>>> print(open('structure-v1.cif').read())   # mmCIF, C-alpha atoms
data_entry
#
loop_
_atom_site.label_atom_id
_atom_site.label_comp_id
_atom_site.auth_asym_id
_atom_site.auth_seq_id
_atom_site.Cartn_x
_atom_site.Cartn_y
_atom_site.Cartn_z
CA MET X 18 -19.01 -27.43 -2.67
CA ASN X 19 -21.40 -29.93 -1.16
CA ALA X 20 -23.70 -32.40 -2.87
CA GLU X 21 -26.78 -30.32 -2.35
CA GLN X 22 -25.35 -27.52 -4.43
CA LEU X 23 -24.25 -29.90 -7.12
CA GLU X 24 -27.82 -31.09 -7.51
CA GLN X 25 -29.31 -27.63 -7.65
CA PRO X 26 -27.06 -25.48 -9.79
CA GLN X 27 -28.26 -21.95 -10.23
CA GLN X 28 -27.64 -19.99 -13.34
CA SER X 29 -25.83 -17.20 -11.50
CA GLU X 30 -23.99 -19.45 -9.06
CA GLN X 31 -20.23 -19.39 -9.50
CA PRO X 32 -18.26 -22.36 -8.27
CA GLU X 33 -16.25 -20.21 -5.85
CA GLU X 34 -19.27 -18.81 -4.06
CA HIS X 35 -18.76 -20.75 -0.84
CA GLY X 36 -15.06 -21.53 -1.10
CA ASN X 37 -12.26 -20.73 1.31
CA PRO X 38 -10.43 -17.41 1.12
CA VAL X 39 -7.19 -19.07 0.00
CA GLY X 40 -6.19 -16.03 -2.05
CA ARG X 41 -6.16 -13.87 1.06
CA ARG X 42 -4.07 -16.48 2.88
CA VAL X 43 -1.52 -16.61 0.06
CA PHE X 44 -1.42 -12.79 0.01
CA LEU X 45 -0.92 -12.48 3.76
CA GLY X 46 1.49 -15.42 3.74
CA THR X 47 3.65 -13.66 1.16
CA LEU X 48 3.70 -10.54 3.31
CA GLY X 49 4.61 -12.69 6.31
CA LEU X 50 7.44 -14.35 4.42
CA GLY X 51 8.74 -10.91 3.47
CA ALA X 52 8.78 -9.88 7.14
CA LEU X 53 10.44 -13.16 8.07
CA GLY X 54 13.03 -12.54 5.36
CA MET X 55 13.83 -9.18 6.96
CA ILE X 56 14.49 -10.90 10.29
CA ALA X 57 16.42 -13.83 8.82
CA ALA X 58 18.41 -11.69 6.38
CA PRO X 59 21.67 -11.19 8.33
CA PRO X 60 22.50 -14.90 8.85
CA LEU X 61 21.08 -15.85 5.42
CA GLN X 62 23.18 -13.19 3.76
CA ARG X 63 26.38 -14.31 5.46
CA GLY X 64 25.73 -17.91 4.43
CA LEU X 65 24.89 -17.03 0.84
CA GLU X 66 27.88 -14.73 0.50
CA ALA X 67 30.18 -17.52 1.60
CA PHE X 68 28.48 -20.08 -0.64
CA LEU X 69 28.22 -17.89 -3.75
CA GLY X 70 31.72 -16.54 -3.20
CA SER X 71 33.19 -20.03 -3.33
CA ALA X 72 30.84 -21.05 -6.17
CA ALA X 73 31.99 -18.02 -8.21
CA ASP X 74 35.57 -19.25 -7.99
CA VAL X 75 34.71 -22.39 -9.94
CA ASP X 76 31.94 -20.94 -12.14
CA PRO X 77 33.21 -20.52 -15.72
CA THR X 78 29.96 -18.87 -16.91
CA GLY X 79 30.14 -15.95 -14.49
CA LEU X 80 26.40 -16.30 -13.86
CA THR X 81 26.90 -16.46 -10.09
CA GLY X 82 28.21 -12.89 -10.32
CA LEU X 83 24.73 -11.77 -11.39
CA LEU X 84 23.03 -13.22 -8.31
CA PRO X 85 22.48 -10.93 -5.33
CA ASN X 86 25.57 -10.94 -3.08
CA GLY X 87 27.35 -12.97 -5.71
CA GLY X 88 30.53 -11.01 -5.15
CA GLY X 89 32.46 -8.87 -7.58
CA PHE X 90 32.27 -5.24 -8.57
CA ARG X 91 29.22 -3.43 -9.84
CA TYR X 92 29.46 -0.70 -12.46
CA TYR X 93 27.99 2.64 -11.46
CA SER X 94 28.21 5.69 -13.67
CA VAL X 95 26.38 8.94 -13.17
CA VAL X 96 26.46 10.01 -16.82
CA THR X 97 25.25 8.45 -20.05
CA SER X 98 28.60 7.66 -21.56
CA VAL X 99 32.21 8.25 -20.68
CA SER X 100 34.85 8.90 -23.31
CA HIS X 101 37.75 6.45 -23.32
CA LYS X 102 41.23 7.73 -22.56
CA ASP X 103 44.54 5.95 -22.96
CA ALA X 104 48.26 6.63 -22.74
CA GLY X 105 47.98 8.88 -25.79
CA ASN X 106 45.46 11.41 -24.52
CA TYR X 107 45.23 10.93 -20.76
CA ARG X 108 46.32 13.88 -18.63
CA LEU X 109 46.18 14.45 -14.88
CA THR X 110 46.49 18.04 -13.66
CA VAL X 111 47.38 19.19 -10.16
CA ASP X 112 46.50 22.83 -9.56
CA GLY X 113 44.73 25.25 -7.23
CA LEU X 114 46.58 26.40 -4.11
CA VAL X 115 49.96 25.01 -5.16
CA ASP X 116 53.32 26.60 -5.96
CA ARG X 117 54.04 24.45 -9.02
CA PRO X 118 50.96 23.27 -10.98
CA GLN X 119 51.66 19.95 -12.69
CA THR X 120 50.38 17.98 -15.64
CA TYR X 121 51.10 14.26 -15.80
CA THR X 122 50.78 11.83 -18.67
CA LEU X 123 50.08 8.17 -18.00
CA ALA X 124 53.74 7.42 -18.68
CA ASP X 125 54.81 10.09 -16.14
CA LEU X 126 52.68 8.43 -13.48
CA GLN X 127 53.94 4.97 -14.40
CA ALA X 128 57.52 6.20 -14.06
CA MET X 129 56.97 7.27 -10.42
CA PRO X 130 57.45 4.93 -7.45
CA GLN X 131 54.44 2.58 -7.19
CA ASN X 132 52.76 1.34 -4.03
CA ARG X 133 50.67 -1.82 -3.89
CA MET X 134 47.94 -2.38 -1.29
CA VAL X 135 45.60 -5.32 -0.79
CA ARG X 136 42.44 -4.40 1.11
CA ASP X 137 38.70 -5.10 0.94
CA VAL X 138 36.54 -2.81 -1.15
CA GLN X 139 33.27 -1.79 0.50
CA CYS X 140 30.47 -0.05 -1.40
CA VAL X 141 28.01 2.07 0.52
CA THR X 142 25.17 0.12 -1.15
CA GLY X 143 26.30 -3.05 0.58
CA TRP X 144 28.52 -5.07 -1.73
CA ARG X 145 32.05 -5.90 -0.66
CA VAL X 146 34.89 -7.36 -2.68
CA PRO X 147 37.51 -9.02 -0.50
CA GLU X 148 41.23 -8.54 -0.77
CA THR X 149 41.53 -6.47 -3.92
CA PRO X 150 45.03 -5.34 -4.92
CA PHE X 151 45.42 -1.71 -5.99
CA GLU X 152 48.65 -0.24 -7.25
CA GLY X 153 49.65 3.32 -8.02
CA VAL X 154 51.28 6.53 -6.88
CA ARG X 155 50.68 7.85 -3.38
CA LEU X 156 48.58 11.00 -3.60
CA SER X 157 50.84 12.63 -1.00
CA ARG X 158 53.76 12.28 -3.42
CA LEU X 159 51.90 14.25 -6.11
CA LEU X 160 50.87 16.87 -3.56
CA ASP X 161 54.47 17.28 -2.40
CA ALA X 162 55.68 17.58 -5.99
CA ALA X 163 53.23 20.45 -6.58
CA GLY X 164 54.15 22.28 -3.39
CA VAL X 165 50.93 22.72 -1.40
CA ARG X 166 50.52 26.25 -0.08
CA SER X 167 49.85 26.83 3.60
CA THR X 168 46.37 28.19 2.86
CA ALA X 169 45.20 24.88 1.35
CA ARG X 170 42.89 22.80 3.55
CA ALA X 171 41.29 20.33 1.18
CA VAL X 172 41.64 18.53 -2.15
CA ARG X 173 39.00 18.40 -4.83
CA PHE X 174 38.99 15.69 -7.48
CA THR X 175 37.42 16.03 -10.91
CA CYS X 176 36.87 13.33 -13.49
CA PHE X 177 36.87 13.19 -17.26
CA ASP X 178 33.31 11.81 -17.29
CA GLY X 179 32.48 15.50 -16.86
CA ALA X 180 30.21 15.10 -13.85
CA TYR X 181 31.74 13.20 -10.96
CA THR X 182 33.61 15.04 -8.24
CA GLU X 183 35.05 14.08 -4.88
CA SER X 184 36.78 15.79 -2.00
CA LEU X 185 39.12 14.95 0.86
CA THR X 186 40.54 17.08 3.62
CA LEU X 187 44.26 17.70 3.22
CA ASP X 188 45.00 15.41 6.19
CA GLN X 189 42.95 12.60 4.65
CA ALA X 190 44.61 13.15 1.26
CA ARG X 191 48.09 12.83 2.77
CA ARG X 192 47.36 9.40 4.27
CA PRO X 193 49.64 6.65 2.95
CA ASP X 194 46.60 4.50 2.04
CA VAL X 195 45.31 7.00 -0.52
CA LEU X 196 46.56 6.25 -4.03
CA VAL X 197 46.26 7.59 -7.53
CA ALA X 198 45.71 4.06 -8.80
CA LEU X 199 46.92 2.77 -12.16
CA ARG X 200 46.35 -0.94 -11.60
CA MET X 201 43.69 -3.05 -9.94
CA GLN X 202 43.70 -6.81 -9.35
CA ASP X 203 47.23 -6.78 -10.82
CA LYS X 204 45.97 -5.58 -14.21
CA ASP X 205 46.03 -2.12 -15.75
CA LEU X 206 42.81 -0.34 -14.80
CA GLY X 207 40.22 -0.94 -17.50
CA HIS X 208 37.74 1.69 -18.58
CA SER X 209 34.79 0.16 -16.72
CA HIS X 210 36.76 0.24 -13.47
CA GLY X 211 37.60 3.91 -13.96
CA GLY X 212 40.80 3.50 -15.98
CA PRO X 213 43.33 4.46 -16.96
CA VAL X 214 43.64 6.28 -13.62
CA ARG X 215 41.32 6.43 -10.63
CA LEU X 216 41.51 7.54 -7.05
CA TYR X 217 41.74 4.84 -4.38
CA VAL X 218 40.86 5.84 -0.82
CA ALA X 219 41.31 2.54 1.01
CA PRO X 220 39.70 3.33 4.39
CA MET X 221 36.54 4.91 2.92
CA TYR X 222 33.43 3.77 1.09
CA PHE X 223 34.10 3.22 -2.56
CA TYR X 224 32.23 6.29 -3.81
CA LYS X 225 35.20 8.27 -2.45
CA SER X 226 37.47 6.43 -4.91
CA ALA X 227 36.55 8.53 -7.93
CA LYS X 228 36.86 6.82 -11.30
CA TRP X 229 38.37 8.41 -14.44
CA LEU X 230 40.41 10.87 -12.38
CA SER X 231 41.59 13.89 -14.39
CA GLY X 232 42.04 16.76 -11.98
CA ILE X 233 43.41 17.36 -8.48
CA THR X 234 42.77 20.86 -7.15
CA LEU X 235 43.93 22.20 -3.78
CA THR X 236 41.20 24.32 -2.15
CA ASP X 237 40.80 26.28 1.07
CA GLU X 238 37.77 24.25 2.19
CA VAL X 239 36.11 20.92 1.48
CA GLN X 240 33.62 21.07 -1.38
CA PRO X 241 31.03 18.26 -1.27
CA GLY X 242 31.38 15.78 -4.13
CA TYR X 243 28.73 14.44 -6.51
CA TRP X 244 27.09 11.90 -4.17
CA GLU X 245 27.73 14.04 -1.11
CA GLU X 246 25.48 16.73 -2.56
CA ARG X 247 22.94 13.92 -2.78
CA GLY X 248 23.10 12.82 0.83
CA TYR X 249 26.25 10.74 1.30
CA ASP X 250 28.67 11.59 4.09
CA ILE X 251 31.74 13.64 3.13
CA ASP X 252 33.94 11.79 5.61
CA GLY X 253 33.08 8.35 4.22
CA TRP X 254 35.00 6.10 6.65
CA VAL X 255 33.95 2.48 6.21
CA GLY X 256 31.91 1.42 9.22
CA ARG X 257 31.74 4.92 10.72
CA SER X 258 29.60 6.88 8.27
CA ASN X 259 26.45 6.81 6.17
CA GLY X 260 24.66 5.06 9.04
CA ARG X 261 26.42 1.78 8.27
CA ASP X 262 28.43 -0.50 10.52
CA ASP X 263 30.49 -2.50 8.01
CA GLU X 264 33.79 -3.91 9.15
CA PRO X 265 36.54 -1.36 8.34
CA THR X 266 38.55 -2.03 5.19
CA MET W 6 -20.56 -16.87 -43.77
CA SER W 7 -17.16 -18.28 -43.02
CA LEU W 8 -16.46 -20.16 -39.83
CA ARG W 9 -14.06 -17.47 -38.68
CA GLU W 10 -16.78 -14.87 -38.32
CA ALA W 11 -18.48 -16.11 -35.22
CA PRO W 12 -21.84 -14.49 -34.47
CA PRO W 13 -21.79 -11.91 -31.65
CA ALA W 14 -23.55 -14.32 -29.34
CA ALA W 15 -20.52 -16.60 -29.48
CA ARG W 16 -18.43 -13.94 -27.73
CA VAL W 17 -18.40 -13.93 -23.96
CA ARG W 18 -17.77 -10.80 -21.92
CA ARG W 19 -14.73 -11.40 -19.66
CA PHE W 20 -13.23 -8.07 -18.56
CA SER W 21 -14.73 -4.60 -18.25
CA ARG W 22 -12.95 -1.53 -19.52
CA ALA W 23 -11.89 -0.59 -15.97
CA GLU W 24 -10.36 -4.02 -15.38
CA ARG W 25 -8.43 -3.91 -18.61
CA TRP W 26 -7.00 -0.50 -17.71
CA VAL W 27 -6.02 -1.73 -14.26
CA HIS W 28 -4.11 -4.56 -15.92
CA ARG W 29 -2.59 -2.34 -18.60
CA LEU W 30 -1.30 0.30 -16.18
CA THR W 31 -0.08 -2.27 -13.66
CA ALA W 32 1.77 -4.08 -16.44
CA LEU W 33 3.30 -0.81 -17.65
CA LEU W 34 4.52 0.23 -14.19
CA MET W 35 5.79 -3.27 -13.45
CA GLY W 36 7.58 -3.25 -16.80
CA ILE W 37 9.29 0.05 -15.98
CA CYS W 38 10.32 -1.34 -12.59
CA VAL W 39 11.81 -4.45 -14.20
CA VAL W 40 13.66 -2.58 -16.96
CA THR W 41 15.09 0.07 -14.63
CA ALA W 42 16.01 -2.62 -12.11
CA ALA W 43 17.93 -4.45 -14.83
CA CYS W 44 19.73 -1.22 -15.75
CA LEU W 45 20.73 -0.71 -12.12
CA TYR W 46 21.70 -4.27 -11.45
CA LEU W 47 23.22 -5.93 -14.51
CA PRO W 48 26.75 -4.59 -15.09
CA GLU W 49 26.49 -4.71 -18.90
CA LEU W 50 23.25 -2.70 -18.93
CA ALA W 51 24.45 -0.33 -16.21
CA GLU W 52 27.51 0.39 -18.32
CA LEU W 53 25.37 0.97 -21.40
CA VAL W 54 22.80 3.24 -19.77
CA GLY W 55 24.70 5.06 -16.99
CA ARG W 56 22.76 8.01 -15.54
CA ARG W 57 22.34 6.22 -12.26
CA GLN W 58 20.60 9.05 -10.45
CA LEU W 59 17.87 9.32 -13.12
CA VAL W 60 17.32 5.57 -13.40
CA VAL W 61 17.02 5.29 -9.62
CA ARG W 62 14.40 8.06 -9.57
CA ILE W 63 12.32 6.40 -12.31
CA HIS W 64 12.55 3.05 -10.52
CA GLU W 65 11.47 4.54 -7.19
CA TRP W 66 8.51 6.47 -8.52
CA SER W 67 7.16 3.71 -10.75
CA GLY W 68 7.47 1.32 -7.80
CA LEU W 69 5.60 3.72 -5.57
CA ALA W 70 2.86 4.06 -8.20
CA LEU W 71 2.58 0.32 -8.80
CA PRO W 72 -0.31 -0.36 -6.38
CA VAL W 73 -2.27 2.72 -7.52
CA PRO W 74 -4.12 1.18 -10.52
CA VAL W 75 -5.38 -1.73 -8.38
CA LEU W 76 -6.46 0.61 -5.58
CA ALA W 77 -8.19 2.90 -8.08
CA GLY W 78 -9.83 -0.14 -9.65
CA LEU W 79 -11.64 -0.84 -6.39
CA VAL W 80 -14.26 1.72 -7.39
CA SER W 81 -15.29 -0.67 -10.19
CA ARG W 82 -17.94 -3.21 -9.22
CA ALA W 83 -16.70 -5.66 -11.85
CA PHE W 84 -13.14 -5.44 -10.51
CA ARG W 85 -14.27 -6.03 -6.94
CA ALA W 86 -16.30 -9.04 -8.09
CA ASP W 87 -13.22 -10.48 -9.81
CA LEU W 88 -11.16 -9.98 -6.66
CA ARG W 89 -13.74 -12.11 -4.83
CA PHE W 90 -13.41 -14.83 -7.49
CA LEU W 91 -9.63 -14.68 -7.16
CA ASN W 92 -9.83 -14.94 -3.40
CA ARG W 93 -12.24 -17.89 -2.99
CA PHE W 94 -11.05 -21.41 -3.71
CA GLY W 95 -13.58 -24.18 -4.36
CA PRO W 96 -12.97 -27.96 -4.41
CA HIS W 97 -12.42 -27.78 -8.18
CA ASP W 98 -9.34 -25.62 -7.60
CA ARG W 99 -7.76 -28.46 -5.67
CA VAL W 100 -8.48 -30.75 -8.64
CA TRP W 101 -6.88 -28.19 -10.96
CA LEU W 102 -3.75 -27.87 -8.82
CA ARG W 103 -3.33 -31.65 -8.59
CA ALA W 104 -3.62 -31.91 -12.37
CA ALA W 105 -1.07 -29.13 -12.75
CA LEU W 106 1.35 -30.96 -10.45
CA ARG W 107 0.89 -34.14 -12.51
CA ARG W 108 1.43 -32.04 -15.66
CA ASP W 109 -1.94 -33.26 -16.89
CA LYS W 110 -2.77 -30.74 -19.60
CA ARG W 111 -6.21 -32.09 -20.57
CA ALA W 112 -8.86 -29.41 -20.13
CA SER W 113 -11.22 -31.99 -18.60
CA ALA W 114 -8.69 -32.62 -15.81
CA ARG W 115 -8.49 -28.91 -15.01
CA PRO W 116 -11.86 -27.53 -13.95
CA ALA W 117 -11.87 -23.78 -13.42
CA GLY W 118 -14.26 -20.95 -12.70
CA LYS W 119 -13.64 -17.51 -14.12
CA PHE W 120 -10.03 -17.86 -12.94
CA ASN W 121 -8.15 -21.12 -12.59
CA ALA W 122 -6.30 -22.01 -9.42
CA GLY W 123 -2.95 -21.03 -10.91
CA GLN W 124 -4.19 -17.58 -11.80
CA LYS W 125 -5.62 -17.17 -8.30
CA ILE W 126 -2.37 -18.08 -6.60
CA TYR W 127 -0.39 -15.90 -9.00
CA ALA W 128 -2.64 -12.90 -8.32
CA ALA W 129 -2.44 -13.27 -4.54
CA TRP W 130 1.31 -13.88 -4.56
CA ILE W 131 2.23 -11.03 -6.90
CA ALA W 132 0.06 -8.65 -4.85
CA GLY W 133 1.85 -9.66 -1.65
CA ALA W 134 5.26 -9.64 -3.31
CA THR W 135 4.63 -6.15 -4.72
CA LEU W 136 3.87 -4.84 -1.24
CA VAL W 137 7.01 -6.49 0.19
CA MET W 138 9.03 -4.86 -2.61
CA LEU W 139 7.35 -1.54 -1.83
CA GLY W 140 8.07 -1.82 1.89
CA THR W 141 11.71 -2.87 1.49
CA GLY W 142 12.13 -0.32 -1.30
CA LEU W 143 10.90 2.50 0.92
CA ILE W 144 13.37 1.45 3.64
CA MET W 145 16.18 1.62 1.06
CA TRP W 146 14.88 4.92 -0.33
CA PHE W 147 14.41 6.86 2.90
CA THR W 148 17.64 5.82 4.52
CA HIS W 149 17.27 7.96 7.60
CA LEU W 150 14.00 6.42 8.78
CA THR W 151 15.38 3.08 9.90
CA PRO W 152 18.55 1.71 11.54
CA VAL W 153 21.26 0.38 9.28
CA MET W 154 20.58 -3.28 10.03
CA TRP W 155 17.04 -2.94 8.68
CA ARG W 156 18.38 -1.31 5.56
CA THR W 157 20.84 -4.10 4.85
CA SER W 158 18.12 -6.69 5.46
CA ALA W 159 15.73 -4.77 3.22
CA THR W 160 18.33 -4.74 0.45
CA PHE W 161 18.76 -8.49 0.82
CA VAL W 162 15.00 -9.20 0.66
CA HIS W 163 14.53 -6.69 -2.19
CA ASP W 164 17.31 -8.27 -4.28
CA TRP W 165 16.23 -11.88 -3.91
CA LEU W 166 12.52 -11.19 -4.23
CA ALA W 167 13.26 -9.15 -7.36
CA LEU W 168 14.94 -12.19 -8.87
CA THR W 169 11.96 -14.38 -7.90
CA ILE W 170 9.44 -11.90 -9.29
CA GLY W 171 11.44 -11.74 -12.51
CA ILE W 172 11.16 -15.49 -12.96
CA VAL W 173 7.47 -15.64 -12.03
CA LEU W 174 6.66 -12.67 -14.30
CA ALA W 175 8.45 -14.39 -17.17
CA GLY W 176 6.17 -17.38 -16.56
CA HIS W 177 3.09 -15.14 -16.54
CA VAL W 178 4.07 -13.47 -19.81
CA GLY W 179 5.11 -16.78 -21.33
CA MET W 180 1.75 -18.37 -20.59
CA ALA W 181 -0.04 -15.36 -22.06
CA LEU W 182 2.08 -15.59 -25.20
CA ALA W 183 1.06 -19.24 -25.54
CA ASP W 184 -2.67 -18.43 -25.34
CA PRO W 185 -3.78 -15.85 -27.96
CA GLU W 186 -7.43 -16.02 -26.92
CA ALA W 187 -6.58 -15.20 -23.31
CA ARG W 188 -4.60 -12.19 -24.56
CA HIS W 189 -7.51 -11.22 -26.79
CA GLY W 190 -9.73 -11.30 -23.71
CA MET W 191 -7.44 -8.96 -21.82
CA ARG W 192 -7.09 -6.67 -24.84
CA THR W 193 -10.71 -6.40 -25.99
CA GLY W 194 -12.68 -7.62 -23.01
CA SER W 195 -14.35 -10.61 -24.67
CA VAL W 196 -13.42 -14.20 -25.46
CA SER W 197 -14.96 -16.90 -27.63
CA ARG W 198 -17.62 -19.09 -26.05
CA GLU W 199 -15.62 -22.12 -27.18
CA TRP W 200 -12.49 -20.94 -25.32
CA ALA W 201 -14.46 -20.08 -22.19
CA ASP W 202 -16.11 -23.52 -22.13
CA ARG W 203 -12.79 -25.28 -22.62
CA GLU W 204 -10.51 -23.26 -20.33
CA HIS W 205 -13.01 -22.15 -17.68
CA SER W 206 -15.68 -24.85 -17.76
CA LEU W 207 -17.30 -23.85 -14.45
CA TRP W 208 -17.45 -20.14 -15.22
CA ARG W 209 -20.99 -18.81 -15.62
CA PRO W 210 -20.61 -15.39 -17.22
#
>>> encode(input="structure-v1.cif", output="structure tokens")
Amino acid sequence: MNAEQLEQPQQSEQPEEHGNPVGRRVFLGTLGLGALGMIAAPPLQRGLEAFLGSAADVDPTGLTGLLPNGGGFRYYSVVTSVSHKDAGNYRLTVDGLVDRPQTYTLADLQAMPQNRMVRDVQCVTGWRVPETPFEGVRLSRLLDAAGVRSTARAVRFTCFDGAYTESLTLDQARRPDVLVALRMQDKDLGHSHGGPVRLYVAPMYFYKSAKWLSGITLTDEVQPGYWEERGYDIDGWVGRSNGRDDEPT
Amino acid sequence: MSLREAPPAARVRRFSRAERWVHRLTALLMGICVVTAACLYLPELAELVGRRQLVVRIHEWSGLALPVPVLAGLVSRAFRADLRFLNRFGPHDRVWLRAALRRDKRASARPAGKFNAGQKIYAAWIAGATLVMLGTGLIMWFTHLTPVMWRTSATFVHDWLALTIGIVLAGHVGMALADPEARHGMRTGSVSREWADREHSLWRP
């Protein structure tokens, strides 16, 4: 505003009338920063992951875990609530194209030979938890115990949340890095991590590792699981599916 | 007559009906975005609510609809006039910003037109930030449209900007809570002459 205007104020004159379009600049600047953020994201993300990861180790409040890329697991459930199961009422059935259908209690599974693996966990939405120990019974052992018939080609997994399903081909299911997991991070699997028993498919994105596992059914073809009917790849190899190029786990 | 019952002339018209509805609907959609985002992101809430597929759908559609009230508001002459006020910065806005940086809360130190400099910057920033969220959100939504590197970058920008918007929004709501007359203006469309003279001394309604 110049002096001339100050001396001759008009009734309708607003003080902004002849000002600079700063609002537009802020608006466009914000858009520009967003675009810049897209370009700078990969190195920024790596740096922040490293920084927040080490900060989380010494953070007693756990607040760093809430920050983006702060490390740690995120809880996803596709249903409203999931009933809790424990040693008393948990059952795992193996049926379908098998000679000897089986039902296991938690104690039965615990009594079988356990395998422990320490690998990274990679979610298809981006988060990764490094070097996470899983422990449990090899799926191949349960398949052998049930006697898979020659007509079986795939394995379907059902869960006691009543909605989630997953599938593997028989060859994938027989891999030594596929477990029926009872323990994670050297603790019994808690409910929020899919306990007491979940699937653990080490080389695939984590949606393949169905939580709250309650049924293993041998089928003659692969049936797409819950997320696979919603667009995810059935063969969910880390780094080679879902259009992602994460480092393999 | 008691002092509380100010004569009608003491009320100043601040927002038209169209403007108030633009604000109301934008606030509603933004609120849905924030609440659903929290349910997707915070482990405790995610565990409580579940139903990921449904929450994602609500988040996506309310985000997509977020710019609609503002765009629809452009048919209103009063709304367009206010956008001009928000856009243009006069010398007094610099004075206001300096006072804000000094934490000088005296009304005399903070000259303002219909909108003060803080409100102008907030409006421009939240508009830009909303569009960045929309753009990155669409990249995350329609995963087959862009290469994977874009998608990861979009997730990164979306996450951190969401956190920033959350903090800034909390400030916006907090300041509104601290100023009942400003809220009254947004709710009913008019404010007291006394408030207008004190908070927006250069405004000539």
>>> closest_atom_pairs(input="structure-v1.cif", of="chain W", to="chain X", cutoff="9 Å", atoms="all atoms listed in the file", output="tab-separated table")
residue	atom	partner	partner_atom	distance
W:Leu45	CA	X:Tyr93	CA	8.0
W:Tyr46	CA	X:Arg91	CA	7.7
W:Leu47	CA	X:Leu83	CA	6.8
W:Pro48	CA	X:Tyr92	CA	5.4
W:Glu49	CA	X:Tyr92	CA	8.1
W:Ala51	CA	X:Tyr92	CA	6.3
W:Glu52	CA	X:Tyr92	CA	6.3
W:Leu53	CA	X:Ser98	CA	7.4
W:Val54	CA	X:Thr97	CA	5.8
W:Gly55	CA	X:Thr97	CA	4.6
W:Arg56	CA	X:Val96	CA	4.4
W:Arg57	CA	X:Val95	CA	5.0
W:Gln58	CA	X:Val95	CA	6.4
W:Leu59	CA	X:Val95	CA	8.5
W:Arg89	CA	X:Glu33	CA	8.5
W:Phe90	CA	X:Glu33	CA	6.3
W:Leu91	CA	X:Gly40	CA	6.3
W:Asn92	CA	X:Gly40	CA	4.0
W:Arg93	CA	X:Pro38	CA	4.5
W:Phe94	CA	X:Gly36	CA	4.8
W:Gly95	CA	X:Gly36	CA	4.5
W:Pro96	CA	X:Met18	CA	6.3
W:His97	CA	X:Pro32	CA	8.0
W:Asp98	CA	X:Glu33	CA	8.9
W:Ala117	CA	X:Pro32	CA	8.3
W:Gly118	CA	X:Pro32	CA	6.1
W:Lys119	CA	X:Gln31	CA	8.3
W:Lys125	CA	X:Gly40	CA	6.4
W:Ile126	CA	X:Gly40	CA	6.3
W:Ala128	CA	X:Gly40	CA	7.9
W:Ala129	CA	X:Phe44	CA	4.7
W:Trp130	CA	X:Phe44	CA	5.4
W:Ile131	CA	X:Phe44	CA	8.0
W:Ala132	CA	X:Phe44	CA	6.6
W:Gly133	CA	X:Phe44	CA	4.8
W:Ala134	CA	X:Thr47	CA	6.2
W:Leu136	CA	X:Leu48	CA	7.3
W:Val137	CA	X:Gly51	CA	5.8
W:Met138	CA	X:Gly51	CA	8.6
W:Thr141	CA	X:Met55	CA	8.6
W:Thr148	CA	X:Gly260	CA	8.4
W:His149	CA	X:Gly260	CA	8.1
W:Pro152	CA	X:Gly260	CA	7.4
W:Val153	CA	X:Arg261	CA	5.4
W:Met154	CA	X:Arg261	CA	7.9
W:Trp155	CA	X:Met55	CA	7.2
W:Thr157	CA	X:Gly143	CA	7.0
W:Ser158	CA	X:Ala58	CA	5.1
W:Ala159	CA	X:Met55	CA	6.1
W:Thr160	CA	X:Gly143	CA	8.1
W:Phe161	CA	X:Ala58	CA	6.4
W:Val162	CA	X:Gly54	CA	6.1
W:Asp164	CA	X:Pro85	CA	5.9
W:Trp165	CA	X:Pro85	CA	6.5
W:Leu166	CA	X:Gly51	CA	8.6
W:Leu168	CA	X:Leu84	CA	8.2
W:Leu207	CA	X:Pro32	CA	6.4
W:Trp208	CA	X:Gln31	CA	6.4
W:Arg209	CA	X:Gln31	CA	6.2
W:Pro210	CA	X:Ser29	CA	8.0
>>> residues_around(input="structure-v1.cif", residues="Pro147 (chain X)", least_positions_apart="5", cutoff="7 Å", atoms="only C-alpha atoms", output="MDAnalysis selection string")
chainID X and resid 136:138
>>> atom_distance(input="structure-v1.cif", atom1="CA of Thr122 (chain X)", atom2="CA of Met221 (chain X)")
26.8 Å
>>> residues_around(input="structure-v1.cif", residues="Leu50 (chain W)", least_positions_apart="6", cutoff="10 Å", atoms="only C-alpha atoms", output="PyMOL selection string")
(chain X and resi 92) or (chain W and resi 40-44)
>>> write_last_selection(input="structure-v1.cif", atoms="C-alpha atoms", output="PDB file, keeping the file's coordinate frame")
ATOM      1  CA  TYR X  92      29.460  -0.700 -12.460  1.00  0.00           C
TER       2      TYR X  92
ATOM      3  CA  VAL W  40      13.660  -2.580 -16.960  1.00  0.00           C
ATOM      4  CA  THR W  41      15.090   0.070 -14.630  1.00  0.00           C
ATOM      5  CA  ALA W  42      16.010  -2.620 -12.110  1.00  0.00           C
ATOM      6  CA  ALA W  43      17.930  -4.450 -14.830  1.00  0.00           C
ATOM      7  CA  CYS W  44      19.730  -1.220 -15.750  1.00  0.00           C
TER       8      CYS W  44
END
>>> atom_distance(input="structure-v1.cif", atom1="CA of Ala83 (chain W)", atom2="CA of Gly140 (chain W)")
28.6 Å
>>> atom_distance(input="structure-v1.cif", atom1="CA of Arg18 (chain W)", atom2="CA of Thr135 (chain W)")
28.6 Å
>>> closest_residue(input="structure-v1.cif", among="X:His101, X:Leu126, X:Tyr121, X:Trp144", to="Arg63 (chain X)", atoms="only C-alpha atoms")
X:Trp144
>>> resolve_selection(input="structure-v1.cif", expression="the PyMOL selection byres ((chain X and resi 224-228) around 8)", output="PyMOL selection string")
chain X and resi 140-141+174+176+181-184+210-212+214-218+221-223+229-230+244+253
>>> residues_around(input="structure-v1.cif", residues="Val135 (chain X)", least_positions_apart="6", cutoff="10 Å", atoms="all atoms listed in the file", output="list of chain:residue names")
X:Pro147, X:Glu148, X:Thr149, X:Pro150, X:Phe151, X:Glu152, X:Met201, X:Gln202, X:Ala219, X:Thr266
